[in-house]
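Shown next: target.pdb, given as PDB, C-alpha atoms, pLDDT in the B column.
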ATOM      1  CA  MET M   1    -175.024 -79.050-137.536  1.00 86.00           C
ATOM      2  CA  ARG M   2    -177.117 -80.874-140.081  1.00 89.00           C
ATOM      3  CA  LEU M   3    -180.300 -82.477-138.874  1.00 92.00           C
ATOM      4  CA  THR M   4    -183.930 -83.056-139.760  1.00 94.00           C
ATOM      5  CA  ILE M   5    -186.822 -81.473-137.936  1.00 95.00           C
ATOM      6  CA  CYS M   6    -190.040 -83.454-137.809  1.00 96.00           C
ATOM      7  CA  TRP M   7    -192.945 -81.105-137.087  1.00 96.00           C
ATOM      8  CA  THR M   8    -195.578 -82.319-134.630  1.00 95.00           C
ATOM      9  CA  LYS M   9    -199.235 -81.401-134.947  1.00 94.00           C
ATOM     10  CA  LYS M  10    -198.717 -78.621-132.391  1.00 93.00           C
ATOM     11  CA  GLY M  11    -195.711 -77.277-134.309  1.00 91.00           C
ATOM     12  CA  ARG M  12    -197.492 -77.313-137.671  1.00 92.00           C
ATOM     13  CA  GLN M  13    -199.921 -74.601-136.577  1.00 93.00           C
ATOM     14  CA  LYS M  14    -199.196 -71.641-138.819  1.00 92.00           C
ATOM     15  CA  ASP M  15    -198.150 -69.149-136.132  1.00 92.00           C
ATOM     16  CA  CYS M  16    -195.880 -71.637-134.305  1.00 92.00           C
ATOM     17  CA  TYR M  17    -194.356 -72.968-137.511  1.00 93.00           C
ATOM     18  CA  ASN M  18    -193.570 -69.514-138.908  1.00 94.00           C
ATOM     19  CA  SER M  19    -192.074 -68.118-135.701  1.00 95.00           C
ATOM     20  CA  ILE M  20    -189.812 -71.162-135.133  1.00 95.00           C
ATOM     21  CA  ARG M  21    -188.808 -71.204-138.787  1.00 94.00           C
ATOM     22  CA  GLU M  22    -187.878 -67.502-138.746  1.00 95.00           C
ATOM     23  CA  LYS M  23    -186.005 -67.744-135.418  1.00 94.00           C
ATOM     24  CA  PHE M  24    -183.711 -70.524-136.609  1.00 94.00           C
ATOM     25  CA  GLY M  25    -183.521 -69.546-140.300  1.00 93.00           C
ATOM     26  CA  LEU M  26    -185.169 -72.759-141.501  1.00 94.00           C
ATOM     27  CA  PRO M  27    -186.363 -73.314-145.076  1.00 92.00           C
ATOM     28  CA  ASP M  28    -190.052 -72.622-145.681  1.00 90.00           C
ATOM     29  CA  TYR M  29    -190.937 -76.100-146.921  1.00 90.00           C
ATOM     30  CA  MET M  30    -191.566 -79.507-145.406  1.00 91.00           C
ATOM     31  CA  THR M  31    -191.842 -82.951-146.935  1.00 93.00           C
ATOM     32  CA  VAL M  32    -195.045 -84.977-147.058  1.00 94.00           C
ATOM     33  CA  ASN M  33    -193.747 -86.675-143.879  1.00 93.00           C
ATOM     34  CA  HIS M  34    -193.715 -83.260-142.116  1.00 94.00           C
ATOM     35  CA  GLU M  35    -189.914 -83.097-142.100  1.00 95.00           C
ATOM     36  CA  THR M  36    -187.583 -80.195-142.849  1.00 94.00           C
ATOM     37  CA  PRO M  37    -183.878 -80.885-143.460  1.00 92.00           C
ATOM     38  CA  CYS M  38    -181.794 -77.987-142.149  1.00 92.00           C
ATOM     39  CA  ASP M  39    -178.471 -76.720-140.854  1.00 92.00           C
ATOM     40  CA  ILE M  40    -178.578 -75.366-137.278  1.00 93.00           C
ATOM     41  CA  ARG M  41    -175.865 -73.302-135.604  1.00 94.00           C
ATOM     42  CA  PRO M  42    -174.404 -74.959-132.479  1.00 93.00           C
ATOM     43  CA  GLU M  43    -175.343 -71.960-130.310  1.00 95.00           C
ATOM     44  CA  ASP M  44    -179.035 -72.413-131.269  1.00 95.00           C
ATOM     45  CA  MET M  45    -179.215 -76.101-130.308  1.00 95.00           C
ATOM     46  CA  GLU M  46    -180.196 -75.458-126.676  1.00 96.00           C
ATOM     47  CA  LEU M  47    -183.203 -73.354-127.692  1.00 96.00           C
ATOM     48  CA  LEU M  48    -184.157 -75.868-130.379  1.00 96.00           C
ATOM     49  CA  ARG M  49    -184.075 -78.644-127.763  1.00 97.00           C
ATOM     50  CA  GLU M  50    -186.411 -76.543-125.611  1.00 96.00           C
ATOM     51  CA  CYS M  51    -188.854 -76.351-128.547  1.00 96.00           C
ATOM     52  CA  GLU M  52    -188.596 -80.132-128.800  1.00 96.00           C
ATOM     53  CA  ARG M  53    -189.241 -80.541-125.078  1.00 97.00           C
ATOM     54  CA  ARG M  54    -192.377 -78.374-125.371  1.00 96.00           C
ATOM     55  CA  GLY M  55    -193.731 -80.615-128.131  1.00 95.00           C
ATOM     56  CA  PHE M  56    -193.444 -78.396-131.229  1.00 96.00           C
ATOM     57  CA  LEU M  57    -190.997 -80.642-133.088  1.00 96.00           C
ATOM     58  CA  MET M  58    -188.782 -83.696-132.946  1.00 96.00           C
ATOM     59  CA  ILE M  59    -185.079 -83.521-133.764  1.00 95.00           C
ATOM     60  CA  ARG M  60    -183.802 -86.339-135.943  1.00 93.00           C
ATOM     61  CA  PHE M  61    -180.180 -86.871-136.871  1.00 89.00           C
ATOM     62  CA  LYS M  62    -180.367 -88.415-140.326  1.00 80.00           C
ATOM     63  CA  ASP M  63    -178.035 -88.803-143.252  1.00 70.00           C
ATOM     64  CA  ILE M  64    -179.070 -85.648-145.110  1.00 55.00           C
ATOM     65  CA  ARG M  65    -178.118 -84.894-148.678  1.00 64.00           C
ATOM     66  CA  LEU M  66    -178.750 -81.182-149.288  1.00 57.00           C
TER      67      LEU M  66
END
Kindly return the structure encoded in the file as structure tokens.
Amino acid sequence: MRLTICWTKKGRQKDCYNSIREKFGLPDYMTVNHETPCDIRPEDMELLRECERRGFLMIRFKDIRL
């Protein structure tokens, strides 16, 4: 599933950012707007939503051109 992750201040801390990025296989870059376009497996969406609920990121469904 293609979506965009917008990293919050809490999620941009180096240890949080790296562990979430490695868990979900996200690219190691973000835009100047603190966004990372990515492709998430459907089975990982529940855990990603939990990260969103805890305030590490915001999930945005945008028209992504990768």
**OP:** With a distance cut-off of 10 Å and only C-alpha atoms, select the neighbouring residues of Asp44 (chain M), excluding the residue or stretch itself and same-chain residues fewer than 5 positions from it, and output the selection as a ChimeraX atom specification.
**Re:** /M:1,23-24,49
Original post:
Hey, which of M:Ser19, M:Thr36, M:Thr8, M:Gln13 ends up closest to Phe61 (chain M)? Count all atoms listed in the file.
Top reply: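 Among M:Ser19, M:Thr36, M:Thr8, M:Gln13, it is M:Thr36 that comes nearest to Phe61 (chain M).
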Subject >> Residue members of the PyMOL selection byres ((chain M and resi 5) around 12) in the file shown, as a VMD selection string >> reply: chain M and resid 2 to 4 6 to 8 11 to 12 17 20 to 21 24 26 to 27 29 to 31 33 to 40 48 to 49 51 to 52 56 to 62 64
Original post:
In Å, how far is it from CA of Lys14 (chain M) to CA of Asp28 (chain M)?
Top reply: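 Taking CA of Lys14 (chain M) and CA of Asp28 (chain M), their separation equals 11.5 Å.
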Hey, can I get the axis-aligned box for region 42-45 of chain M? All listed atoms, 4 Å padding on each side, centre and edge lengths in Å to one decimal, as lines of an AutoDock Vina configuration file.
center_x = -176.8
center_y = -74.0
center_z = -131.4
size_x = 12.8
size_y = 12.1
size_z = 10.2
